[in-house]
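Text of the file work_16.pdb, holding PDB, C-alpha atoms and all ligand atoms:
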```
ATOM      1  CA  MET A   1     -28.359  -9.967  23.225
ATOM      2  CA  ILE A   2     -25.686  -8.490  25.468
ATOM      3  CA  THR A   3     -26.705  -5.949  28.088
ATOM      4  CA  LEU A   4     -24.258  -3.673  29.858
ATOM      5  CA  ARG A   5     -25.486  -1.545  32.749
ATOM      6  CA  GLY A   6     -23.098   0.918  34.332
ATOM      7  CA  LEU A   7     -20.320  -1.581  33.721
ATOM      8  CA  THR A   8     -17.165  -0.405  35.487
ATOM      9  CA  LYS A   9     -13.741  -1.935  36.135
ATOM     10  CA  ARG A  10     -10.949  -0.387  38.133
ATOM     11  CA  PHE A  11      -7.442  -1.784  38.450
ATOM     12  CA  GLY A  12      -6.094   0.057  41.482
ATOM     13  CA  ALA A  13      -6.253   3.758  40.678
ATOM     14  CA  ARG A  14      -6.807   3.098  36.986
ATOM     15  CA  THR A  15     -10.377   3.005  35.629
ATOM     16  CA  ALA A  16     -10.245   0.670  32.633
ATOM     17  CA  VAL A  17     -14.019   0.610  31.959
ATOM     18  CA  ASP A  18     -16.115   3.517  33.122
ATOM     19  CA  GLY A  19     -19.882   3.149  33.437
ATOM     20  CA  LEU A  20     -20.737   1.529  30.094
ATOM     21  CA  THR A  21     -24.475   1.200  29.496
ATOM     22  CA  LEU A  22     -25.622  -0.249  26.201
ATOM     23  CA  ASP A  23     -27.460  -3.084  24.463
ATOM     24  CA  ILE A  24     -25.792  -5.177  21.777
ATOM     25  CA  GLU A  25     -28.573  -6.557  19.616
ATOM     26  CA  PRO A  26     -28.939  -9.874  17.803
ATOM     27  CA  GLY A  27     -28.904 -10.017  13.998
ATOM     28  CA  LEU A  28     -26.217  -7.349  13.701
ATOM     29  CA  VAL A  29     -22.468  -7.118  13.637
ATOM     30  CA  THR A  30     -21.594  -4.555  16.294
ATOM     31  CA  GLY A  31     -18.081  -3.181  15.966
ATOM     32  CA  PHE A  32     -16.422  -2.331  19.274
ATOM     33  CA  LEU A  33     -13.866   0.352  18.582
ATOM     34  CA  GLY A  34     -11.374   2.293  20.553
ATOM     35  CA  PRO A  35      -7.662   3.052  20.682
ATOM     36  CA  ASN A  36      -5.355   0.563  22.393
ATOM     37  CA  GLY A  37      -5.931   0.674  26.126
ATOM     38  CA  ALA A  38      -9.498   1.996  25.768
ATOM     39  CA  GLY A  39     -10.973  -0.923  27.719
ATOM     40  CA  LYS A  40     -12.322  -3.217  24.970
ATOM     41  CA  SER A  41     -10.702  -6.453  26.135
ATOM     42  CA  THR A  42     -11.584  -5.731  29.756
ATOM     43  CA  THR A  43     -15.228  -5.204  28.759
ATOM     44  CA  MET A  44     -15.253  -8.503  26.877
ATOM     45  CA  ARG A  45     -13.610 -10.303  29.787
ATOM     46  CA  MET A  46     -16.333  -9.037  32.104
ATOM     47  CA  ILE A  47     -19.062 -10.196  29.691
ATOM     48  CA  LEU A  48     -17.429 -13.637  29.837
ATOM     49  CA  GLY A  49     -17.150 -13.657  33.605
ATOM     50  CA  LEU A  50     -13.326 -13.641  33.466
ATOM     51  CA  ASP A  51     -13.005 -10.265  35.169
ATOM     52  CA  ARG A  52     -15.283  -9.193  37.975
ATOM     53  CA  PRO A  53     -16.922  -5.765  37.505
ATOM     54  CA  THR A  54     -16.065  -3.183  40.151
ATOM     55  CA  ALA A  55     -19.603  -1.885  39.630
ATOM     56  CA  GLY A  56     -22.512  -2.458  37.277
ATOM     57  CA  ALA A  57     -23.360  -5.583  35.324
ATOM     58  CA  ALA A  58     -22.757  -7.418  32.058
ATOM     59  CA  LEU A  59     -25.525  -9.816  31.015
ATOM     60  CA  VAL A  60     -25.803 -12.382  28.225
ATOM     61  CA  GLY A  61     -29.393 -13.179  27.303
ATOM     62  CA  GLY A  62     -30.433 -11.398  30.503
ATOM     63  CA  ARG A  63     -28.154 -13.351  32.867
ATOM     64  CA  PRO A  64     -24.660 -12.945  34.246
ATOM     65  CA  PHE A  65     -22.257 -15.379  32.578
ATOM     66  CA  ALA A  66     -21.828 -17.388  35.809
ATOM     67  CA  GLU A  67     -25.541 -18.242  35.781
ATOM     68  CA  LEU A  68     -25.641 -19.570  32.212
ATOM     69  CA  ARG A  69     -26.623 -23.232  32.226
ATOM     70  CA  ARG A  70     -24.851 -24.156  28.987
ATOM     71  CA  PRO A  71     -22.251 -21.392  28.553
ATOM     72  CA  LEU A  72     -20.792 -22.565  25.204
ATOM     73  CA  ALA A  73     -24.285 -22.724  23.697
ATOM     74  CA  GLU A  74     -25.007 -19.172  24.856
ATOM     75  CA  VAL A  75     -21.781 -17.363  24.114
ATOM     76  CA  GLY A  76     -18.667 -18.262  22.154
ATOM     77  CA  ALA A  77     -15.566 -16.129  22.297
ATOM     78  CA  LEU A  78     -12.163 -15.599  20.791
ATOM     79  CA  LEU A  79     -10.145 -13.532  23.233
ATOM     80  CA  ASP A  80      -6.597 -14.673  22.746
ATOM     81  CA  ALA A  81      -5.646 -16.617  19.626
ATOM     82  CA  LYS A  82      -2.679 -18.218  21.388
ATOM     83  CA  ALA A  83      -4.797 -19.570  24.266
ATOM     84  CA  ALA A  84      -4.751 -23.194  23.030
ATOM     85  CA  HIS A  85      -2.213 -25.468  24.758
ATOM     86  CA  PRO A  86       0.775 -25.445  22.358
ATOM     87  CA  GLY A  87       1.463 -29.173  22.812
ATOM     88  CA  ARG A  88      -2.050 -30.270  21.902
ATOM     89  CA  SER A  89      -3.277 -30.835  18.393
ATOM     90  CA  ALA A  90      -6.010 -28.535  17.121
ATOM     91  CA  ARG A  91      -8.484 -31.434  17.212
ATOM     92  CA  ALA A  92      -7.483 -32.492  20.749
ATOM     93  CA  HIS A  93      -7.876 -28.889  21.927
ATOM     94  CA  LEU A  94     -11.411 -28.699  20.529
ATOM     95  CA  LEU A  95     -12.303 -32.203  21.752
ATOM     96  CA  ALA A  96     -11.320 -31.244  25.308
ATOM     97  CA  MET A  97     -13.513 -28.144  25.079
ATOM     98  CA  ALA A  98     -16.354 -30.185  23.568
ATOM     99  CA  ARG A  99     -16.209 -32.900  26.217
ATOM    100  CA  SER A 100     -16.381 -30.490  29.130
ATOM    101  CA  ASN A 101     -19.513 -29.036  27.558
ATOM    102  CA  GLY A 102     -21.286 -32.271  26.627
ATOM    103  CA  LEU A 103     -20.640 -31.897  22.895
ATOM    104  CA  GLY A 104     -19.650 -34.706  20.556
ATOM    105  CA  ARG A 105     -16.768 -35.421  18.181
ATOM    106  CA  ARG A 106     -18.964 -34.682  15.185
ATOM    107  CA  ARG A 107     -19.380 -31.066  16.192
ATOM    108  CA  VAL A 108     -15.580 -30.756  16.456
ATOM    109  CA  ASP A 109     -15.204 -31.991  12.881
ATOM    110  CA  GLU A 110     -17.919 -29.570  11.745
ATOM    111  CA  VAL A 111     -16.212 -26.505  13.202
ATOM    112  CA  LEU A 112     -12.789 -27.644  11.967
ATOM    113  CA  ALA A 113     -14.266 -27.772   8.465
ATOM    114  CA  ALA A 114     -16.053 -24.451   8.935
ATOM    115  CA  VAL A 115     -12.778 -22.656   9.693
ATOM    116  CA  GLY A 116     -10.751 -24.552   7.080
ATOM    117  CA  LEU A 117      -8.470 -26.465   9.483
ATOM    118  CA  THR A 118      -9.519 -30.059   8.684
ATOM    119  CA  GLU A 119      -6.250 -30.825   6.892
ATOM    120  CA  VAL A 120      -4.049 -29.632   9.766
ATOM    121  CA  ALA A 121      -6.269 -30.755  12.661
ATOM    122  CA  GLY A 122      -3.655 -33.302  13.817
ATOM    123  CA  ARG A 123      -0.851 -30.749  14.085
ATOM    124  CA  ARG A 124       0.229 -29.195  17.375
ATOM    125  CA  ALA A 125      -1.416 -25.847  18.028
ATOM    126  CA  GLY A 126       2.013 -24.522  19.021
ATOM    127  CA  SER A 127       3.220 -24.956  15.431
ATOM    128  CA  PHE A 128       0.385 -22.831  14.013
ATOM    129  CA  SER A 129       0.869 -19.448  12.383
ATOM    130  CA  LEU A 130      -1.050 -16.563  13.923
ATOM    131  CA  GLY A 131      -3.642 -16.844  11.149
ATOM    132  CA  MET A 132      -4.181 -20.555  11.837
ATOM    133  CA  SER A 133      -4.359 -19.869  15.573
ATOM    134  CA  GLN A 134      -7.045 -17.243  14.946
ATOM    135  CA  ARG A 135      -9.014 -19.819  12.965
ATOM    136  CA  LEU A 136      -8.649 -22.352  15.763
ATOM    137  CA  GLY A 137      -9.816 -19.751  18.266
ATOM    138  CA  ILE A 138     -12.842 -19.018  16.097
ATOM    139  CA  ALA A 139     -13.571 -22.761  15.827
ATOM    140  CA  GLY A 140     -13.656 -22.846  19.626
ATOM    141  CA  ALA A 141     -15.996 -19.865  19.691
ATOM    142  CA  LEU A 142     -18.400 -21.594  17.294
ATOM    143  CA  LEU A 143     -18.261 -25.022  18.965
ATOM    144  CA  GLY A 144     -21.426 -24.678  21.042
ATOM    145  CA  ASP A 145     -23.388 -23.091  18.161
ATOM    146  CA  PRO A 146     -23.851 -20.007  20.395
ATOM    147  CA  HIS A 147     -26.411 -17.194  20.151
ATOM    148  CA  VAL A 148     -23.745 -14.639  21.012
ATOM    149  CA  VAL A 149     -20.272 -14.470  19.459
ATOM    150  CA  LEU A 150     -17.517 -12.279  20.913
ATOM    151  CA  LEU A 151     -14.343 -11.763  18.934
ATOM    152  CA  ASP A 152     -11.493  -9.651  20.335
ATOM    153  CA  GLU A 153      -9.360  -8.226  17.516
ATOM    154  CA  PRO A 154      -9.928 -11.310  15.321
ATOM    155  CA  VAL A 155      -8.121 -10.028  12.225
ATOM    156  CA  ASN A 156      -4.896  -8.968  13.970
ATOM    157  CA  GLY A 157      -2.070 -10.560  12.051
ATOM    158  CA  LEU A 158      -4.245 -12.111   9.351
ATOM    159  CA  ASP A 159      -3.376 -11.945   5.662
ATOM    160  CA  PRO A 160      -5.916 -10.327   3.291
ATOM    161  CA  ASP A 161      -7.585 -13.698   2.568
ATOM    162  CA  GLY A 162      -7.988 -14.320   6.273
ATOM    163  CA  VAL A 163      -9.403 -10.842   6.861
ATOM    164  CA  LEU A 164     -11.969 -11.379   4.114
ATOM    165  CA  TRP A 165     -12.859 -14.775   5.526
ATOM    166  CA  VAL A 166     -13.448 -13.401   9.059
ATOM    167  CA  ARG A 167     -15.515 -10.555   7.609
ATOM    168  CA  ARG A 168     -17.772 -12.965   5.703
ATOM    169  CA  LEU A 169     -18.076 -15.260   8.693
ATOM    170  CA  MET A 170     -19.219 -12.392  10.944
ATOM    171  CA  ARG A 171     -21.762 -11.278   8.350
ATOM    172  CA  SER A 172     -23.174 -14.783   8.021
ATOM    173  CA  LEU A 173     -23.362 -15.298  11.806
ATOM    174  CA  ALA A 174     -25.341 -12.061  12.127
ATOM    175  CA  ALA A 175     -27.570 -13.047   9.194
ATOM    176  CA  GLU A 176     -28.440 -16.206  11.149
ATOM    177  CA  GLY A 177     -29.774 -13.936  13.887
ATOM    178  CA  ARG A 178     -26.840 -14.175  16.262
ATOM    179  CA  THR A 179     -25.381 -11.327  18.285
ATOM    180  CA  VAL A 180     -21.912 -10.586  16.920
ATOM    181  CA  PHE A 181     -19.685  -8.276  18.960
ATOM    182  CA  VAL A 182     -16.251  -7.711  17.496
ATOM    183  CA  SER A 183     -13.525  -5.412  18.767
ATOM    184  CA  SER A 184     -10.855  -3.600  16.844
ATOM    185  CA  HIS A 185      -8.502  -0.668  17.282
ATOM    186  CA  LEU A 186      -8.546  -0.213  13.492
ATOM    187  CA  MET A 187     -11.378   1.367  11.619
ATOM    188  CA  SER A 188     -10.696   0.109   8.133
ATOM    189  CA  GLU A 189     -11.989  -3.441   8.552
ATOM    190  CA  MET A 190     -15.128  -2.310  10.384
ATOM    191  CA  GLU A 191     -16.164  -0.128   7.480
ATOM    192  CA  ARG A 192     -17.446  -3.075   5.479
ATOM    193  CA  THR A 193     -18.269  -5.441   8.323
ATOM    194  CA  ALA A 194     -20.193  -3.675  11.055
ATOM    195  CA  ASP A 195     -23.802  -2.524  11.036
ATOM    196  CA  ARG A 196     -23.446  -0.636  14.247
ATOM    197  CA  LEU A 197     -20.534   0.898  16.092
ATOM    198  CA  VAL A 198     -19.816   1.216  19.759
ATOM    199  CA  VAL A 199     -16.836   3.533  20.203
ATOM    200  CA  ILE A 200     -15.073   3.910  23.548
ATOM    201  CA  GLY A 201     -12.143   5.979  24.748
ATOM    202  CA  ARG A 202     -10.544   5.786  28.208
ATOM    203  CA  GLY A 203     -13.241   3.289  29.191
ATOM    204  CA  ARG A 204     -16.100   5.653  28.394
ATOM    205  CA  LEU A 205     -18.774   5.452  25.732
ATOM    206  CA  ILE A 206     -18.111   7.941  22.919
ATOM    207  CA  ALA A 207     -20.604   6.739  20.304
ATOM    208  CA  ASP A 208     -23.235   4.022  19.928
ATOM    209  CA  ALA A 209     -24.883   4.368  16.540
ATOM    210  CA  PRO A 210     -25.355   2.858  13.080
ATOM    211  CA  VAL A 211     -22.199   3.119  10.962
ATOM    212  CA  ALA A 212     -23.879   5.551   8.534
ATOM    213  CA  ASP A 213     -24.758   7.939  11.382
ATOM    214  CA  VAL A 214     -21.198   7.973  12.641
ATOM    215  CA  ILE A 215     -20.015   9.008   9.165
ATOM    216  CA  ALA A 216     -22.756  11.620   8.691
ATOM    217  CA  GLY A 217     -22.023  13.164  12.086
ATOM    218  CA  SER A 218     -18.401  13.846  11.214
ATOM    219  CA  SER A 219     -17.350  17.443  10.665
ATOM    220  CA  ARG A 220     -15.063  16.056   7.981
ATOM    221  CA  THR A 221     -18.078  15.443   5.774
ATOM    222  CA  SER A 222     -18.037  18.445   3.442
ATOM    223  CA  VAL A 223     -19.788  19.992   0.432
ATOM    224  CA  ARG A 224     -17.686  20.848  -2.604
ATOM    225  CA  VAL A 225     -18.949  23.798  -4.624
ATOM    226  CA  ARG A 226     -17.711  25.063  -7.983
ATOM    227  CA  SER A 227     -18.995  28.385  -9.251
ATOM    228  CA  PRO A 228     -17.675  31.255 -11.415
ATOM    229  CA  ARG A 229     -18.760  33.516  -8.522
ATOM    230  CA  ALA A 230     -17.221  31.422  -5.756
ATOM    231  CA  GLY A 231     -16.027  34.546  -3.912
ATOM    232  CA  ASP A 232     -19.510  36.060  -3.760
ATOM    233  CA  LEU A 233     -21.023  32.796  -2.561
ATOM    234  CA  ALA A 234     -18.298  32.398   0.095
ATOM    235  CA  ALA A 235     -19.031  35.885   1.460
ATOM    236  CA  LEU A 236     -22.741  35.134   1.506
ATOM    237  CA  LEU A 237     -22.343  31.847   3.371
ATOM    238  CA  ALA A 238     -19.822  33.310   5.812
ATOM    239  CA  ALA A 239     -22.306  36.092   6.603
ATOM    240  CA  GLU A 240     -24.810  33.373   7.523
ATOM    241  CA  GLY A 241     -22.274  31.837   9.907
ATOM    242  CA  VAL A 242     -21.506  28.828   7.677
ATOM    243  CA  ALA A 243     -17.964  27.396   7.742
ATOM    244  CA  VAL A 244     -16.590  27.946   4.243
ATOM    245  CA  ALA A 245     -13.078  27.798   2.797
ATOM    246  CA  ARG A 246     -11.711  28.751  -0.623
ATOM    247  CA  ALA A 247     -10.336  25.678  -2.368
ATOM    248  CA  GLY A 248      -9.440  27.408  -5.657
ATOM    249  CA  ALA A 249     -10.452  30.369  -7.817
ATOM    250  CA  GLU A 250     -13.811  28.764  -8.569
ATOM    251  CA  GLU A 251     -14.059  26.284  -5.743
ATOM    252  CA  LEU A 252     -15.260  26.245  -2.125
ATOM    253  CA  THR A 253     -15.356  23.654   0.628
ATOM    254  CA  VAL A 254     -18.313  24.016   2.975
ATOM    255  CA  THR A 255     -18.650  22.073   6.227
ATOM    256  CA  GLY A 256     -21.316  21.622   8.848
ATOM    257  CA  VAL A 257     -24.356  22.125   6.613
ATOM    258  CA  PRO A 258     -26.119  19.907   4.066
ATOM    259  CA  ALA A 259     -25.745  20.524   0.320
ATOM    260  CA  GLU A 260     -29.367  21.801   0.162
ATOM    261  CA  ARG A 261     -28.499  24.802   2.309
ATOM    262  CA  VAL A 262     -25.673  25.805  -0.057
ATOM    263  CA  GLY A 263     -27.814  25.243  -3.156
ATOM    264  CA  LEU A 264     -30.650  27.407  -1.803
ATOM    265  CA  ALA A 265     -28.291  30.200  -0.751
ATOM    266  CA  ALA A 266     -26.776  30.239  -4.256
ATOM    267  CA  HIS A 267     -30.215  30.250  -5.860
ATOM    268  CA  ARG A 268     -31.438  33.183  -3.768
ATOM    269  CA  ALA A 269     -28.414  35.253  -4.744
ATOM    270  CA  GLY A 270     -28.593  34.218  -8.403
ATOM    271  CA  VAL A 271     -25.127  32.632  -8.226
ATOM    272  CA  PRO A 272     -24.637  29.978 -10.912
ATOM    273  CA  LEU A 273     -23.228  26.611  -9.823
ATOM    274  CA  TYR A 274     -21.071  24.243 -11.862
ATOM    275  CA  GLU A 275     -20.930  21.605  -9.171
ATOM    276  CA  LEU A 276     -22.472  20.872  -5.780
ATOM    277  CA  SER A 277     -21.319  17.562  -4.343
ATOM    278  CA  VAL A 278     -21.058  15.935  -0.938
ATOM    279  CA  ARG A 279     -17.772  14.388   0.117
ATOM    280  CA  GLU A 280     -18.497  11.925   2.880
ATOM    281  CA  ALA A 281     -15.905  11.524   5.578
ATOM    282  CA  SER A 282     -14.550   8.009   5.690
ATOM    283  CA  LEU A 283     -15.322   6.005   8.781
ATOM    284  CA  GLU A 284     -11.607   6.315   9.502
ATOM    285  CA  ASP A 285     -11.958  10.124   9.618
ATOM    286  CA  ALA A 286     -15.024   9.931  11.838
ATOM    287  CA  TYR A 287     -13.235   7.528  14.170
ATOM    288  CA  MET A 288     -10.136   9.689  14.431
ATOM    289  CA  GLU A 289     -12.312  12.653  15.218
ATOM    290  CA  LEU A 290     -14.288  10.767  17.866
ATOM    291  CA  THR A 291     -11.324   9.181  19.591
ATOM    292  CA  GLY A 292      -8.700  11.866  18.959
ATOM    293  CA  ALA A 293      -9.069  13.261  22.460
ATOM    294  CA  SER A 294      -8.937   9.845  24.081
ATOM    295  CA  VAL A 295      -5.910   8.206  22.497
ATOM    296  CA  GLU A 296      -4.016   6.549  25.309
ATOM    297  CA  TYR A 297      -0.792   5.761  23.564
ATOM    298  CA  GLY A 298       0.955   7.080  20.491
ATOM    299  CA  ALA A 299       0.658   4.893  17.389
ATOM    300  CA  GLY A 300       2.808   1.809  17.625
ATOM    301  CA  ARG A 301       3.940   2.352  21.201
ATOM    302  CA  GLU A 302       1.620  -0.246  22.641
ATOM    303  CA  ALA A 303       0.668  -3.384  20.759
ATOM    304  CA  ALA A 304      -2.971  -4.499  20.926
ATOM    305  CA  ARG A 305      -3.473  -6.638  23.973
TER     306      ARG A 305
HETATM  307  N1  LIG A 401      -5.132  -7.126  34.680
HETATM  308  C1  LIG A 401      -4.894  -5.809  34.603
HETATM  309  N2  LIG A 401      -4.282  -5.143  35.598
HETATM  310  C2  LIG A 401      -4.061  -3.814  35.533
HETATM  311  N3  LIG A 401      -4.435  -3.028  34.509
HETATM  312  C3  LIG A 401      -5.046  -3.616  33.469
HETATM  313  C4  LIG A 401      -5.330  -5.038  33.448
HETATM  314  N4  LIG A 401      -5.954  -5.338  32.297
HETATM  315  C5  LIG A 401      -6.069  -4.168  31.616
HETATM  316  N5  LIG A 401      -5.536  -3.149  32.323
HETATM  317  C6  LIG A 401      -5.509  -1.730  31.921
HETATM  318  O1  LIG A 401      -6.829  -1.353  31.612
HETATM  319  C7  LIG A 401      -6.864  -0.505  30.478
HETATM  320  C8  LIG A 401      -7.736  -1.105  29.403
HETATM  321  O2  LIG A 401      -7.090  -2.238  28.843
HETATM  322  P1  LIG A 401      -7.742  -3.161  27.756
HETATM  323  O3  LIG A 401      -9.118  -3.533  28.190
HETATM  324  O4  LIG A 401      -6.793  -4.266  27.473
HETATM  325  O5  LIG A 401      -7.848  -2.169  26.507
HETATM  326  P2  LIG A 401      -8.056  -2.501  24.948
HETATM  327  O6  LIG A 401      -8.451  -3.918  24.818
HETATM  328  O7  LIG A 401      -9.096  -1.523  24.507
HETATM  329  O8  LIG A 401      -6.740  -2.209  24.277
HETATM  330  C9  LIG A 401      -5.428  -0.294  30.057
HETATM  331  O9  LIG A 401      -4.967   0.889  30.655
HETATM  332  C10 LIG A 401      -4.729  -1.502  30.638
HETATM  333  O10 LIG A 401      -3.374  -1.218  30.881
HETATM  334 MG    MG A 402      -7.611  -5.442  23.687
END
```
So, in terms of structure tokens, how does the structure I just supplied come out?
Ligand SMILES: Nc1ncnc2c1ncn2[C@@H]1O[C@H](COP(=O)(O)OP(=O)(O)O)[C@@H](O)[C@H]1O
Ligand SMILES: [Mg+2]
Amino acid sequence: MITLRGLTKRFGARTAVDGLTLDIEPGLVTGFLGPNGAGKSTTMRMILGLDRPTAGAALVGGRPFAELRRPLAEVGALLDAKAAHPGRSARAHLLAMARSNGLGRRRVDEVLAAVGLTEVAGRRAGSFSLGMSQRLGIAGALLGDPHVVLLDEPVNGLDPDGVLWVRRLMRSLAAEGRTVFVSSHLMSEMERTADRLVVIGRGRLIADAPVADVIAGSSRTSVRVRSPRAGDLAALLAAEGVAVARAGAEELTVTGVPAERVGLAAHRAGVPLYELSVREASLEDAYMELTGASVEYGAGREAAR
């Protein structure tokens, strides 16, 4: 469990994280979404005690990171895939981490196998591709067998196999009852991975809800109606204040109301229907809608940091 209470970080005049209050529960994958510059990495750094909050608190299992007795056993994190010393082998990097946390060589071999790096464990981390570096970073996160796993943009730069692998790993960690908190500036990979979404923009909380609720709440979810009397039905709905648009001679697109409302209105007026179907907004649509007003940088102008 991760607890944020009024968590705030200012860098000079700039407020990077602005009063975040939320609980990130065990047993779920919680996707942490927001455009580049929204404050995701800064939030994660504060959870890990790497940045000091200007105000508020970030707790892991009810305690600030600095008070955790066995940090690696409480929380494992991948913040920066290229953090390993480039001159050290993957195994040496993990062994150094293990030693400083009272963990043995066997655990290092276990996590190397878990992330599929056993074969290349003797190679210098500096020679690794981004995908291999991400795997090494994840091995480090898993080393202490932690209750809480934090991954900052873990699929950046991964090939489709790697993306699928990370997705499955996150699902299985959550299924084991761990708290999984994973950030991304892209919606697409969250769609199949996350149970819950925390969306931020300009450091502020925009949404904290199950994925399905975020989709259902989008105004881009619409009802498609086909009827030989589409015009009559459109006039009827418009008179009731419902948002309705003509999509063809016999077709309407209705937004903001459930399909039942349209079906009942048609029934009352004796208007025959050929089709009444709901078109769910994609999570991508819902995300764009939620964060549209808080995009910090135009697409591609700032790489994920
Ligand atoms: N060490 C720092 N000094 C000054 N500003 C920073 C620092 N770290 C982050 N920021 C600023 O804080 C904001 C949030 O950044 P960040 O947490 O990296 O966002 P995200 O991870 O969502 O892309 C950005 O405007 C960024 O430029
Ligand atoms: Mg970031």
What do you get, as a PyMOL selection string, if you spell out every residue that the PyMOL selection byres (((chain A and resi 140) around 8) and not hetatm) selects here? chain A and resi 76-78+94+97+111+136-139+141-143
Could you turn the residues from that selection into a file that holds C-alpha atoms, as a JSON list (two decimals), in the frame of the given file?
```json
[["chain", "number", "residue", "atom", "x", "y", "z"],
["A", 76, "GLY", "CA", -18.67, -18.26, 22.15],
["A", 77, "ALA", "CA", -15.57, -16.13, 22.30],
["A", 78, "LEU", "CA", -12.16, -15.60, 20.79],
["A", 94, "LEU", "CA", -11.41, -28.70, 20.53],
["A", 97, "MET", "CA", -13.51, -28.14, 25.08],
["A", 111, "VAL", "CA", -16.21, -26.50, 13.20],
["A", 136, "LEU", "CA", -8.65, -22.35, 15.76],
["A", 137, "GLY", "CA", -9.82, -19.75, 18.27],
["A", 138, "ILE", "CA", -12.84, -19.02, 16.10],
["A", 139, "ALA", "CA", -13.57, -22.76, 15.83],
["A", 141, "ALA", "CA", -16.00, -19.86, 19.69],
["A", 142, "LEU", "CA", -18.40, -21.59, 17.29],
["A", 143, "LEU", "CA", -18.26, -25.02, 18.96]]
```
8 Å contact set for A:Pro272, only C-alpha atoms, chain neighbours under 4 positions out, as a PyMOL selection string: chain A and resi 227-229+266-267
Go ahead and write the selection's residues with C-alpha atoms as a PDB file, in the coordinates of the input.
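Full text of selection10.pdb as output:
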```
ATOM      1  CA  SER A 227     -18.995  28.385  -9.251  1.00  0.00           C
ATOM      2  CA  PRO A 228     -17.675  31.255 -11.415  1.00  0.00           C
ATOM      3  CA  ARG A 229     -18.760  33.516  -8.522  1.00  0.00           C
ATOM      4  CA  ALA A 266     -26.776  30.239  -4.256  1.00  0.00           C
ATOM      5  CA  HIS A 267     -30.215  30.250  -5.860  1.00  0.00           C
TER       6      HIS A 267
END
```
Need to verify the contact set: A:Asn101, 12 Å, only C-alpha atoms, exclusion of same-chain residues closer than 4 positions in sequence. Can you return it as a list in words?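 So the residues in contact are Arg69, Arg70, Pro71, Leu72, Ala73, Glu74, Leu94, Leu95, Ala96, Met97, Arg105, Arg107, Val108, Gly140, Leu143, Gly144 and Asp145 of chain A.
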Translate the PyMOL selection byres (((not hetatm)) within 8 of (chain A and resi 402)) into a concrete residue list for this structure, as a PyMOL selection string. chain A and resi 36-42+152-153+183-184+304-305
Pick out the closest residue to A:Gly131 from this set: A:Arg196, A:Arg202, A:Lys82, A:Arg45. Count only C-alpha atoms. A:Lys82
Listed atoms of ligand LIG 401 (chain A) boxed along x, y and z, 5 Å each side, centre and edge lengths in Å, one decimal, as AutoDock Vina command-line options:
```
--center_x -6.2 --center_y -3.1 --center_z 29.9 --size_x 15.7 --size_y 18.0 --size_z 21.3
```
Within 12 Å of A:Ala125, counting only C-alpha atoms, which residues qualify if same-chain residues fewer than 5 places away don't, as a VMD selection string? chain A and resid 81 to 94 117 120 130 to 137
Which residues, written as a ChimeraX atom specification, have at least one atom at most 6 Å from stretch 253-255 of chain A, with only C-alpha atoms counted and residues fewer than 3 positions away on the same chain left out? /A:222-224,243-245
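Here atom N5 of ligand LIG 401 (chain A) stands at a distance of 12.5 Å from atom CA of A:Asp18.
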Contact residues around A:Asp285 with only C-alpha atoms at 10 Å, ignoring same-chain residues under 3 positions, as a PDB file with C-alpha atoms, in the coordinates of the input:
```pdb
ATOM      1  CA  MET A 187     -11.378   1.367  11.619  1.00  0.00           C
ATOM      2  CA  VAL A 214     -21.198   7.973  12.641  1.00  0.00           C
ATOM      3  CA  ILE A 215     -20.015   9.008   9.165  1.00  0.00           C
ATOM      4  CA  SER A 218     -18.401  13.846  11.214  1.00  0.00           C
ATOM      5  CA  SER A 219     -17.350  17.443  10.665  1.00  0.00           C
ATOM      6  CA  ARG A 220     -15.063  16.056   7.981  1.00  0.00           C
ATOM      7  CA  THR A 221     -18.078  15.443   5.774  1.00  0.00           C
ATOM      8  CA  GLU A 280     -18.497  11.925   2.880  1.00  0.00           C
ATOM      9  CA  ALA A 281     -15.905  11.524   5.578  1.00  0.00           C
ATOM     10  CA  SER A 282     -14.550   8.009   5.690  1.00  0.00           C
ATOM     11  CA  MET A 288     -10.136   9.689  14.431  1.00  0.00           C
ATOM     12  CA  GLU A 289     -12.312  12.653  15.218  1.00  0.00           C
ATOM     13  CA  LEU A 290     -14.288  10.767  17.866  1.00  0.00           C
TER      14      LEU A 290
END
```
Interatomic distance (Å, one decimal) between atom CA of A:Asp208 and atom CA of A:Val148: 18.7 Å
What does the distance from atom CA of A:Leu59 to atom CA of A:Val166 come to in Å, to one decimal?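 If I compute the distance from atom CA of A:Leu59 to atom CA of A:Val166, I get 25.3 Å.
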